[in-house]
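**Student:** Below is the file entry-v3.txt, which contains compact mmCIF, C-alpha atoms.
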# COMPACT_ATOMS: atom_id res chain seq x y z
CA MET A 1 0.00 0.00 0.00
CA VAL A 2 1.31 3.44 -0.86
CA LEU A 3 0.26 6.98 -0.13
CA LYS A 4 -1.01 9.69 -2.43
CA THR A 5 -1.30 13.45 -2.23
CA LYS A 6 -3.39 15.82 -4.32
CA ALA A 7 -0.20 16.93 -6.03
CA PHE A 8 1.30 13.57 -6.89
CA ASN A 9 1.11 9.80 -6.51
CA LYS A 10 4.09 7.75 -5.37
CA LYS A 11 4.07 4.12 -6.37
CA LEU A 12 7.27 3.12 -4.61
CA LEU A 13 6.52 3.95 -0.98
CA ALA A 14 6.79 0.59 0.74
CA VAL A 15 4.32 -1.24 2.93
CA LEU A 16 6.80 -1.21 5.79
CA LEU A 17 6.97 2.60 5.76
CA LEU A 18 3.21 2.82 6.14
CA SER A 19 3.14 0.15 8.82
CA ALA A 20 5.90 1.84 10.76
CA GLY A 21 4.16 5.20 10.63
CA LEU A 22 0.74 3.92 11.58
CA ALA A 23 2.11 1.87 14.45
CA ALA A 24 4.18 4.83 15.65
CA CYS A 25 7.11 2.63 16.53
CA SER A 26 9.98 4.30 18.36
CA SER A 27 13.44 4.53 16.78
CA THR A 28 16.25 2.47 18.25
CA ASP A 29 19.83 1.74 17.27
CA GLU A 30 18.91 -1.90 16.72
CA GLU A 31 16.27 -3.04 14.29
CA ASP A 32 12.88 -3.26 15.97
CA GLU A 33 11.60 -6.84 15.84
CA SER A 34 8.18 -5.54 14.82
CA GLU A 35 9.74 -4.19 11.59
CA MET A 36 11.36 -7.48 10.60
CA VAL A 37 9.89 -9.72 7.91
CA ALA A 38 9.03 -13.09 9.40
CA GLU A 39 10.78 -16.11 7.94
CA LEU A 40 8.56 -19.07 7.19
CA VAL A 41 9.05 -21.92 9.64
CA GLU A 42 8.29 -25.58 9.10
CA ILE A 43 4.70 -26.51 9.89
CA GLN A 44 2.94 -29.78 10.63
CA GLU A 45 0.94 -30.05 7.42
CA GLN A 46 -2.44 -31.69 7.84
CA PHE A 47 -3.15 -31.94 4.10
CA GLU A 48 -1.69 -30.98 0.73
CA PRO A 49 -3.67 -28.49 -1.39
CA GLU A 50 -4.39 -29.87 -4.87
CA VAL A 51 -3.89 -27.71 -7.97
CA ILE A 52 -6.78 -28.50 -10.33
CA TRP A 53 -5.51 -26.29 -13.15
CA ASP A 54 -3.25 -23.31 -13.77
CA ARG A 55 -3.15 -20.70 -16.51
CA SER A 56 -1.27 -17.49 -17.25
CA VAL A 57 -3.14 -14.19 -17.63
CA GLY A 58 -0.73 -12.02 -19.61
CA ASN A 59 1.87 -10.34 -17.42
CA GLY A 60 -0.55 -9.89 -14.53
CA VAL A 61 -0.22 -6.64 -12.58
CA GLU A 62 3.58 -6.92 -12.17
CA ASP A 63 4.86 -4.62 -9.39
CA TYR A 64 2.05 -2.08 -9.71
CA PHE A 65 -0.64 -1.43 -7.14
CA SER A 66 -3.67 -3.33 -8.34
CA ARG A 67 -6.47 -5.32 -6.76
CA ILE A 68 -7.41 -7.23 -9.92
CA LYS A 69 -8.43 -10.70 -8.79
CA PRO A 70 -10.24 -13.68 -10.29
CA LEU A 71 -14.03 -13.49 -10.42
CA ALA A 72 -16.28 -16.55 -10.45
CA ALA A 73 -19.60 -16.09 -12.28
CA TYR A 74 -21.76 -17.89 -14.87
CA GLY A 75 -19.70 -21.09 -14.60
CA LYS A 76 -16.59 -19.17 -15.65
CA ILE A 77 -13.54 -17.56 -14.09
CA PHE A 78 -12.85 -14.03 -15.31
CA SER A 79 -9.55 -12.24 -14.77
CA ALA A 80 -7.31 -9.65 -16.37
CA SER A 81 -3.83 -8.23 -16.71
CA ARG A 82 -2.94 -4.59 -16.16
CA GLU A 83 -1.90 -4.22 -19.81
CA GLY A 84 -5.42 -4.97 -20.99
CA GLN A 85 -5.90 -8.70 -21.48
CA VAL A 86 -9.24 -9.95 -20.13
CA VAL A 87 -9.98 -13.67 -20.17
CA ALA A 88 -12.87 -16.01 -19.48
CA LEU A 89 -11.92 -19.54 -18.45
CA ASP A 90 -13.99 -22.64 -17.81
CA SER A 91 -14.14 -22.90 -14.03
CA ALA A 92 -13.80 -26.70 -14.02
CA THR A 93 -10.98 -27.14 -16.53
CA GLY A 94 -9.33 -23.74 -16.95
CA ASP A 95 -9.85 -23.97 -20.72
CA GLU A 96 -10.02 -20.57 -22.43
CA ILE A 97 -13.49 -19.47 -23.56
CA TRP A 98 -12.52 -16.04 -24.80
CA ASP A 99 -9.64 -13.55 -24.61
CA VAL A 100 -9.91 -9.84 -25.45
CA ASP A 101 -7.40 -6.99 -25.48
CA LEU A 102 -8.74 -3.74 -24.02
CA SER A 103 -5.53 -1.86 -24.83
CA ASP A 104 -6.91 -1.58 -28.37
CA VAL A 105 -10.61 -2.01 -27.75
CA ASN A 106 -11.58 0.09 -30.79
CA ARG A 107 -8.97 -1.61 -33.02
CA GLU A 108 -7.33 1.70 -33.91
CA ARG A 109 -3.70 0.68 -33.32
CA GLY A 110 -1.57 0.82 -36.44
CA PHE A 111 0.54 -2.09 -37.64
CA PHE A 112 3.80 -0.43 -36.58
CA GLU A 113 2.51 1.04 -33.31
CA GLY A 114 3.62 -0.47 -30.02
CA LYS A 115 1.12 -1.77 -27.50
CA ARG A 116 -0.04 0.82 -24.96
CA SER A 117 -1.17 -0.49 -21.59
CA ALA A 118 -4.87 -0.21 -20.78
CA LEU A 119 -3.91 0.26 -17.09
CA LEU A 120 -6.67 -2.05 -15.88
CA ALA A 121 -6.91 -1.96 -12.09
CA GLY A 122 -10.49 -2.22 -10.83
CA GLY A 123 -12.46 -5.42 -11.04
CA PRO A 124 -13.75 -7.52 -12.54
CA ALA A 125 -17.39 -7.51 -11.41
CA ALA A 126 -20.40 -9.24 -12.93
CA GLY A 127 -24.11 -8.67 -13.55
CA LEU A 128 -26.71 -9.06 -16.33
CA ASN A 129 -24.44 -11.59 -18.05
CA LYS A 130 -21.81 -8.87 -18.36
CA VAL A 131 -18.34 -8.40 -16.93
CA PHE A 132 -17.30 -4.93 -15.77
CA ILE A 133 -13.76 -3.67 -15.28
CA GLY A 134 -12.18 -0.22 -14.79
CA SER A 135 -8.83 1.40 -15.51
CA GLU A 136 -6.46 3.97 -14.04
CA ASN A 137 -7.47 6.20 -16.96
CA GLY A 138 -10.99 6.41 -15.54
CA GLU A 139 -12.46 4.13 -18.20
CA VAL A 140 -15.21 1.62 -17.44
CA PHE A 141 -15.71 -1.36 -19.77
CA ALA A 142 -18.74 -3.65 -19.97
CA LEU A 143 -18.08 -6.95 -21.79
CA ASP A 144 -20.49 -9.70 -22.81
CA ALA A 145 -19.80 -12.60 -20.43
CA ASP A 146 -20.32 -15.22 -23.17
CA THR A 147 -18.27 -13.68 -25.98
CA GLY A 148 -16.08 -10.91 -24.51
CA GLU A 149 -17.53 -8.39 -26.97
CA LEU A 150 -17.67 -4.78 -25.78
CA ALA A 151 -21.24 -3.94 -24.73
CA TRP A 152 -20.52 -0.35 -23.71
CA GLN A 153 -17.75 1.91 -22.47
CA GLY A 154 -18.04 4.77 -19.97
CA SER A 155 -15.77 7.12 -18.05
CA ILE A 156 -15.35 8.64 -14.61
CA LYS A 157 -13.08 11.30 -13.17
CA GLY A 158 -10.14 9.63 -11.43
CA GLU A 159 -8.56 6.19 -11.32
CA VAL A 160 -10.75 3.10 -11.02
CA ILE A 161 -8.64 0.83 -8.79
CA VAL A 162 -11.36 -1.21 -7.07
CA ALA A 163 -14.13 -3.44 -8.36
CA PRO A 164 -17.49 -1.82 -9.18
CA ALA A 165 -20.69 -2.98 -7.47
CA PHE A 166 -23.83 -4.17 -9.27
CA ASP A 167 -27.49 -4.39 -8.25
CA SER A 168 -30.89 -3.70 -9.83
CA ASN A 169 -29.49 -2.90 -13.29
CA THR A 170 -27.19 -0.29 -11.74
CA LEU A 171 -23.39 -0.35 -11.80
CA VAL A 172 -21.69 1.80 -9.15
CA VAL A 173 -18.06 2.79 -9.69
CA ASN A 174 -15.85 4.50 -7.10
CA SER A 175 -12.70 6.38 -8.12
CA ALA A 176 -9.54 7.56 -6.37
CA SER A 177 -10.50 11.20 -6.96
CA GLY A 178 -13.48 10.91 -4.60
CA VAL A 179 -16.04 10.66 -7.40
CA MET A 180 -18.59 7.85 -7.32
CA LYS A 181 -20.79 7.35 -10.36
CA ALA A 182 -23.74 5.11 -11.21
CA PHE A 183 -24.34 3.72 -14.71
CA ASN A 184 -27.26 1.92 -16.26
CA ALA A 185 -25.69 -1.55 -16.48
CA THR A 186 -27.51 -2.39 -19.70
CA THR A 187 -26.80 0.74 -21.74
CA GLY A 188 -23.95 2.55 -19.93
CA GLU A 189 -26.11 5.65 -19.45
CA GLU A 190 -24.92 7.80 -16.52
CA LEU A 191 -27.54 7.89 -13.76
CA TRP A 192 -25.97 9.99 -11.01
CA GLN A 193 -22.66 11.14 -9.61
CA ILE A 194 -21.48 12.29 -6.16
CA GLU A 195 -18.11 13.59 -5.02
CA GLN A 196 -16.53 12.90 -1.62
CA GLU A 197 -13.82 15.10 -0.17
CA VAL A 198 -10.33 13.59 -0.33
CA PRO A 199 -7.83 14.68 2.37
CA PRO A 200 -4.44 16.12 1.30
CA LEU A 201 -2.73 12.87 2.33
CA SER A 202 -4.37 9.46 1.96
CA LEU A 203 -3.57 5.89 1.02
CA ARG A 204 -3.21 4.83 -2.60
CA GLY A 205 -6.22 2.53 -2.29
CA ILE A 206 -9.91 3.32 -1.98
CA SER A 207 -12.97 1.45 -0.81
CA ALA A 208 -14.89 -0.67 -3.25
CA PRO A 209 -18.63 0.06 -2.97
CA ALA A 210 -21.07 -2.57 -1.67
CA VAL A 211 -24.79 -2.61 -2.43
CA ALA A 212 -27.64 -3.89 -0.23
CA SER A 213 -31.26 -2.99 0.55
CA GLY A 214 -31.33 -0.19 -2.02
CA GLY A 215 -28.25 1.52 -0.61
CA VAL A 216 -24.63 1.89 -1.69
CA VAL A 217 -22.23 1.52 1.25
CA VAL A 218 -18.71 2.86 0.82
CA GLY A 219 -15.73 3.87 2.95
CA SER A 220 -13.94 7.19 2.61
CA ALA A 221 -10.43 8.59 2.98
CA SER A 222 -11.63 10.64 5.95
CA GLY A 223 -12.27 7.51 8.05
CA GLU A 224 -16.03 7.31 7.54
CA VAL A 225 -18.49 4.75 6.22
CA GLY A 226 -21.49 6.22 4.44
CA VAL A 227 -24.60 5.06 2.62
CA TYR A 228 -26.11 6.53 -0.56
CA LEU A 229 -29.46 5.69 -2.13
CA LEU A 230 -28.88 3.43 -5.11
CA GLU A 231 -31.67 5.03 -7.14
CA GLN A 232 -30.68 8.72 -6.92
CA GLY A 233 -27.31 8.86 -5.11
CA GLN A 234 -28.59 10.93 -2.18
CA GLN A 235 -26.56 10.54 0.98
CA GLY A 236 -28.06 8.84 4.03
CA TRP A 237 -26.21 8.21 7.27
CA VAL A 238 -22.47 8.50 7.96
CA ALA A 239 -20.56 6.55 10.63
CA GLU A 240 -17.05 7.54 11.73
CA ILE A 241 -14.73 4.63 12.49
CA GLY A 242 -11.22 6.03 11.85
CA GLU A 243 -9.35 7.78 14.66
CA SER A 244 -6.93 10.48 13.60
CA SER A 245 -4.10 10.60 16.12
CA GLY A 246 -0.35 11.11 16.23
CA SER A 247 2.05 13.96 15.60
CA THR A 248 2.69 13.40 11.88
CA GLU A 249 0.41 13.43 8.84
CA LEU A 250 1.29 9.80 8.18
CA GLU A 251 0.12 8.78 11.64
CA ARG A 252 -3.16 10.63 11.08
CA VAL A 253 -4.10 8.71 7.91
CA VAL A 254 -7.47 7.05 8.63
CA ASP A 255 -8.67 5.77 5.24
CA VAL A 256 -11.39 3.15 5.11
CA ASP A 257 -10.06 1.23 2.09
CA ALA A 258 -11.45 -2.25 2.70
CA ALA A 259 -14.82 -2.78 1.05
CA PRO A 260 -17.61 -2.74 3.65
CA LEU A 261 -18.74 -6.28 4.41
CA ILE A 262 -22.55 -6.54 4.48
CA PHE A 263 -23.94 -9.54 6.35
CA GLY A 264 -27.67 -9.59 7.04
CA ASP A 265 -28.67 -6.28 8.61
CA LYS A 266 -25.14 -5.37 9.69
CA ILE A 267 -22.09 -3.82 8.07
CA TYR A 268 -18.55 -4.62 9.15
CA SER A 269 -15.84 -2.15 8.24
CA VAL A 270 -12.27 -1.36 9.28
CA SER A 271 -10.06 1.73 9.07
CA SER A 272 -6.36 1.77 8.21
CA ASN A 273 -5.83 3.57 11.51
CA GLY A 274 -8.60 3.26 14.03
CA ASN A 275 -11.22 0.59 14.46
CA LEU A 276 -13.04 -2.45 13.25
CA ALA A 277 -16.72 -1.66 13.67
CA ALA A 278 -20.12 -3.30 13.40
CA ILE A 279 -22.74 -0.88 12.04
CA ASP A 280 -26.51 -1.20 11.77
CA LEU A 281 -27.31 -1.15 8.05
CA ARG A 282 -30.52 0.85 8.28
CA SER A 283 -29.62 3.48 10.88
CA GLY A 284 -25.83 3.73 10.73
CA ARG A 285 -25.64 3.22 14.49
CA ILE A 286 -22.31 1.76 15.59
CA LEU A 287 -23.02 -1.45 17.51
CA TRP A 288 -19.44 -2.06 18.66
CA LYS A 289 -15.89 -0.92 17.93
CA ARG A 290 -12.58 -2.67 18.47
CA GLN A 291 -9.07 -1.36 17.91
CA TYR A 292 -7.79 -3.01 14.75
CA SER A 293 -6.18 -1.29 11.78
CA SER A 294 -6.31 -2.69 8.26
CA TYR A 295 -6.73 -1.79 4.60
CA ARG A 296 -7.30 -5.39 3.50
CA GLN A 297 -10.54 -7.16 2.63
CA LEU A 298 -12.42 -8.68 5.57
CA GLY A 299 -13.47 -12.33 5.56
CA ILE A 300 -16.40 -14.04 7.26
CA SER A 301 -17.60 -17.53 8.08
CA GLY A 302 -20.69 -18.05 10.24
CA ASN A 303 -20.33 -15.83 13.29
CA THR A 304 -16.60 -15.22 12.85
CA LEU A 305 -14.92 -12.29 11.11
CA PHE A 306 -11.36 -12.69 9.83
CA LEU A 307 -9.01 -9.73 9.50
CA THR A 308 -5.41 -9.10 8.44
CA ASN A 309 -3.96 -6.03 10.11
CA ILE A 310 -1.32 -3.65 8.75
CA ARG A 311 1.46 -5.90 10.12
CA GLY A 312 0.16 -9.05 8.46
CA HIS A 313 -1.23 -10.51 11.69
CA VAL A 314 -4.38 -12.57 11.18
CA TYR A 315 -7.28 -12.36 13.66
CA ALA A 316 -10.55 -14.18 14.21
CA ILE A 317 -13.22 -11.97 15.83
CA ASP A 318 -16.72 -12.77 17.03
CA ARG A 319 -19.00 -10.73 14.78
CA ILE A 320 -21.73 -10.53 17.43
CA ASN A 321 -19.70 -8.75 20.12
CA GLY A 322 -16.31 -7.99 18.56
CA LEU A 323 -14.37 -10.18 20.99
CA GLU A 324 -11.15 -11.73 19.70
CA ARG A 325 -11.16 -15.51 19.35
CA TRP A 326 -7.55 -15.99 18.28
CA SER A 327 -4.61 -14.28 16.59
CA ASN A 328 -1.75 -15.54 14.45
CA LEU A 329 1.34 -13.29 14.39
CA SER A 330 3.68 -15.63 12.51
CA LEU A 331 3.34 -13.84 9.13
CA ASN A 332 4.64 -10.49 10.39
CA ASN A 333 5.32 -7.97 7.58
CA ARG A 334 4.95 -10.55 4.80
CA GLY A 335 2.54 -8.36 2.81
CA VAL A 336 -0.32 -10.66 3.77
CA THR A 337 -3.53 -10.43 1.74
CA GLY A 338 -7.01 -10.22 3.13
CA PRO A 339 -8.37 -13.54 4.45
CA VAL A 340 -10.95 -15.72 2.73
CA ALA A 341 -12.81 -18.68 4.23
CA VAL A 342 -12.86 -22.05 2.49
CA GLY A 343 -14.26 -25.13 4.23
CA ASP A 344 -12.94 -25.29 7.79
CA TYR A 345 -10.05 -22.96 7.01
CA VAL A 346 -9.19 -19.36 6.28
CA VAL A 347 -6.58 -18.64 3.60
CA VAL A 348 -4.19 -15.71 3.08
CA GLY A 349 -1.43 -15.09 0.52
CA ASP A 350 1.90 -13.31 0.95
CA PHE A 351 4.53 -11.32 -0.94
CA GLU A 352 6.61 -14.41 -1.75
CA GLY A 353 3.68 -16.13 -3.43
CA TYR A 354 2.71 -18.54 -0.67
CA LEU A 355 -0.84 -19.38 0.34
CA HIS A 356 -1.38 -20.29 4.00
CA TRP A 357 -4.33 -22.33 5.30
CA LEU A 358 -5.25 -21.48 8.93
CA ASP A 359 -7.59 -23.59 11.03
CA GLN A 360 -10.72 -21.48 11.64
CA GLU A 361 -11.04 -22.72 15.22
CA THR A 362 -7.42 -22.29 16.40
CA GLY A 363 -5.63 -20.01 13.92
CA GLU A 364 -2.87 -22.60 13.49
CA ILE A 365 -1.31 -22.78 10.00
CA VAL A 366 -2.09 -26.31 8.81
CA ALA A 367 -1.13 -26.21 5.11
CA ARG A 368 0.93 -24.15 2.70
CA HIS A 369 1.20 -23.91 -1.07
CA HIS A 370 3.52 -21.89 -3.33
CA VAL A 371 1.75 -20.32 -6.32
CA ASP A 372 4.50 -18.18 -7.85
CA GLY A 373 7.59 -16.27 -6.70
CA SER A 374 6.26 -12.93 -8.01
CA GLY A 375 4.00 -12.74 -4.94
CA ILE A 376 0.28 -12.57 -4.23
CA HIS A 377 -1.24 -9.14 -3.66
CA ALA A 378 -4.99 -9.66 -4.04
CA THR A 379 -7.20 -11.68 -1.71
CA PRO A 380 -7.93 -15.10 -3.24
CA THR A 381 -11.40 -15.90 -4.57
CA VAL A 382 -13.46 -18.87 -3.37
CA ALA A 383 -16.36 -20.42 -5.29
CA GLU A 384 -17.94 -23.82 -4.62
CA GLU A 385 -15.11 -24.74 -2.23
CA VAL A 386 -12.42 -24.10 -4.88
CA LEU A 387 -9.88 -21.35 -4.29
CA TYR A 388 -8.61 -19.20 -7.18
CA SER A 389 -5.45 -17.17 -6.68
CA GLN A 390 -3.55 -14.99 -9.15
CA ALA A 391 0.09 -14.01 -8.66
CA ARG A 392 1.52 -10.66 -9.65
CA ASP A 393 2.98 -12.04 -12.90
CA GLY A 394 -0.40 -13.42 -14.00
CA GLU A 395 -0.04 -17.05 -12.86
CA LEU A 396 -3.60 -18.14 -11.99
CA GLN A 397 -4.30 -21.38 -10.15
CA ALA A 398 -7.47 -23.22 -9.16
CA ILE A 399 -6.81 -25.06 -5.91
CA LYS A 400 -8.84 -27.65 -4.04
CA THR A 401 -8.43 -27.69 -0.29
CA ARG A 402 -9.33 -31.35 0.26
Starting from the file, give its structure as structure tokens.

**Tutor:**
Amino acid sequence: MVLKTKAFNKKLLAVLLLSAGLAACSSTDEEDESEMVAELVEIQEQFEPEVIWDRSVGNGVEDYFSRIKPLAAYGKIFSASREGQVVALDSATGDEIWDVDLSDVNRERGFFEGKRSALLAGGPAAGLNKVFIGSENGEVFALDADTGELAWQGSIKGEVIVAPAFDSNTLVVNSASGVMKAFNATTGEELWQIEQEVPPLSLRGISAPAVASGGVVVGSASGEVGVYLLEQGQQGWVAEIGESSGSTELERVVDVDAAPLIFGDKIYSVSSNGNLAAIDLRSGRILWKRQYSSYRQLGISGNTLFLTNIRGHVYAIDRINGLERWSNLSLNNRGVTGPVAVGDYVVVGDFEGYLHWLDQETGEIVARHHVDGSGIHATPTVAEEVLYSQARDGELQAIKTR
């Protein structure tokens, strides 16, 4: 995760710099243990994950910030590379169904012209038998899920670096500039647009929108979670969960970058510096708060929330009362992804390309699998008990837990 200002974006600020600032660690002559990257230790493996199939999706996202991840829908797996390749694969076999290049979507590139990256970064998402994906250029593409043909193309001010949300023939797209726009998912017609204030200093990421009960729930760079009416875009309630504290601007960054997790009549959301909170969906009333800081996707299974904090520590938290059930600190500073539940386990990836299976009841790491040395940045996808994970260089694997 990197930081951005209104004047410029810096891609190369490291995760450790952010973690150090947010944790406000004191300086010492010796290296603080909390800053060290944990080495993997031998584990007592209880099973061996089985790779069903693997494919390559172009050059992936390489070293760029991107949350592109596999999407399971319509019996297919959809994914993309930053340069512009979008693919549909058979979910059972991995066989290619279609492959399109959005870097030249209008087929205007001359024979002698070099390929120009489409800068894809947000998505994919699905709805109405379409696949939606956005770019850092503020472009929004809608593709036919069966053929890959372009159904429509729209635009929004700012970079689209998170997946859009779909419901009731409406596609909602959030951008890094603070603009959120709704499109008619069938035609691409613009329905409404709102603009949120962006602080002078914020994280590179933004919150993906989530839709439920006729409302669009989204986090903001000012540490708030808000709801907007899906039909007109009017703002409803706002709940503050970030806590700005510290003596430096870095320590006061409170972005809510993880997509709000809607479960029943409750919303669960976490700030990069502040709290994990349970919020009543209809009223915006905060039901409980606990001190956790994260910008990664939350996971859930039954009555347990799973969270990866800014250090890469993994936690299991009772969603009813916010009490901690267990913690695993063994993946310290390994660039751990958000957690995802599969079967009796919760899985996270890391910067060296390993996937780790943790027992949901104890937090113990019980299995490990290496996908690719380029590293895993995006939270894996789970569909019908199969896990799909894409490495930075585009290596995509379908993995069966047992």

**Student:** List as a PDB file with C-alpha atoms, keeping the file's coordinate frame the protein and nucleic acid residues near region 272-283 of chain A, meaning an atom at most 8 Å away when all atoms listed in the file are counted, but skip any in the same chain fewer than 5 places from it.

**Tutor:**
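Everything below was put into result-v8.pdb:
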ATOM      1  CA  LEU A  22       0.740   3.920  11.580  1.00  0.00           C
ATOM      2  CA  TRP A 237     -26.210   8.210   7.270  1.00  0.00           C
ATOM      3  CA  ALA A 239     -20.560   6.550  10.630  1.00  0.00           C
ATOM      4  CA  ILE A 241     -14.730   4.630  12.490  1.00  0.00           C
ATOM      5  CA  GLY A 242     -11.220   6.030  11.850  1.00  0.00           C
ATOM      6  CA  GLU A 243      -9.350   7.780  14.660  1.00  0.00           C
ATOM      7  CA  SER A 244      -6.930  10.480  13.600  1.00  0.00           C
ATOM      8  CA  GLU A 251       0.120   8.780  11.640  1.00  0.00           C
ATOM      9  CA  ARG A 252      -3.160  10.630  11.080  1.00  0.00           C
ATOM     10  CA  VAL A 253      -4.100   8.710   7.910  1.00  0.00           C
ATOM     11  CA  VAL A 254      -7.470   7.050   8.630  1.00  0.00           C
ATOM     12  CA  ASP A 255      -8.670   5.770   5.240  1.00  0.00           C
ATOM     13  CA  VAL A 256     -11.390   3.150   5.110  1.00  0.00           C
ATOM     14  CA  ASP A 257     -10.060   1.230   2.090  1.00  0.00           C
ATOM     15  CA  ASP A 265     -28.670  -6.280   8.610  1.00  0.00           C
ATOM     16  CA  LYS A 266     -25.140  -5.370   9.690  1.00  0.00           C
ATOM     17  CA  ILE A 267     -22.090  -3.820   8.070  1.00  0.00           C
ATOM     18  CA  TRP A 288     -19.440  -2.060  18.660  1.00  0.00           C
ATOM     19  CA  LYS A 289     -15.890  -0.920  17.930  1.00  0.00           C
ATOM     20  CA  ARG A 290     -12.580  -2.670  18.470  1.00  0.00           C
ATOM     21  CA  GLN A 291      -9.070  -1.360  17.910  1.00  0.00           C
ATOM     22  CA  TYR A 292      -7.790  -3.010  14.750  1.00  0.00           C
ATOM     23  CA  SER A 293      -6.180  -1.290  11.780  1.00  0.00           C
ATOM     24  CA  SER A 294      -6.310  -2.690   8.260  1.00  0.00           C
ATOM     25  CA  TYR A 295      -6.730  -1.790   4.600  1.00  0.00           C
ATOM     26  CA  ILE A 310      -1.320  -3.650   8.750  1.00  0.00           C
ATOM     27  CA  ARG A 319     -19.000 -10.730  14.780  1.00  0.00           C
ATOM     28  CA  GLY A 322     -16.310  -7.990  18.560  1.00  0.00           C
TER      29      GLY A 322
END

**Student:** Taking only C-alpha atoms into account, name the residue in A:Glu190, A:Glu352, A:Glu384, A:Asp95 that is nearest to Val336 (chain A).

**Tutor:** A:Glu352

**Student:** Excluding Arg368 (chain A) and residues on its chain fewer than 3 positions from it, collect all residues at most 9 Å away from it, counting all atoms listed in the file, and give them as a list in words.

**Tutor:** Ile43, Glu45, Phe47, Glu48, Pro49, Tyr354, Leu355, His356, Trp357 and Ile365 of chain A

**Student:** Counting only C-alpha atoms, which of A:Val382, A:Ala142, A:Val173, A:Ala398 gets nearest to Ala72 (chain A)?

**Tutor:**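 Of A:Val382, A:Ala142, A:Val173, A:Ala398, the one nearest Ala72 (chain A), counting only C-alpha atoms, is A:Val382.
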
**Student:** Tell me which protein, DNA and RNA residues are within 7 Å of Trp192 (chain A), counting only C-alpha atoms, leaving out same-chain ones fewer than 4 positions away, and put them as a ChimeraX atom specification.

**Tutor:** /A:181-182,232-233

**Student:** Just to be explicit: take each residue in the selection above, keep C-alpha atoms, and write the result as an mmCIF file, keeping the file's coordinate frame.

**Tutor:**
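Wrote it out as selection_31.cif, contents follow:
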data_model
loop_
_atom_site.group_PDB
_atom_site.id
_atom_site.type_symbol
_atom_site.label_atom_id
_atom_site.label_comp_id
_atom_site.auth_asym_id
_atom_site.auth_seq_id
_atom_site.Cartn_x
_atom_site.Cartn_y
_atom_site.Cartn_z
ATOM 1 C CA LYS A 181 -20.790 7.350 -10.360
ATOM 2 C CA ALA A 182 -23.740 5.110 -11.210
ATOM 3 C CA GLN A 232 -30.680 8.720 -6.920
ATOM 4 C CA GLY A 233 -27.310 8.860 -5.110
#

**Student:** Between A:Val347, A:Thr362, A:Val131, A:Gly123, which residue has the minimum interatomic distance to Ser389 (chain A), considering all atoms listed in the file?

**Tutor:**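 Answer, going by the shortest atom-to-atom distance: A:Val347.
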
**Student:** Write out as AutoDock Vina command-line options an axis-aligned box for region 384-401 of chain A: all of its atoms listed in the file, 8 Å added on each side, centre and edge lengths in Å with one decimal.

**Tutor:**
--center_x -7.5 --center_y -19.2 --center_z -7.1 --size_x 36.9 --size_y 33.0 --size_z 29.7

**Student:** For Gly338 (chain A), please output as a VMD selection string all residues within 6 Å (counting only C-alpha atoms; exclusion window: fewer than 5 positions along the same chain).

**Tutor:** chain A and resid 296 to 297 308 379
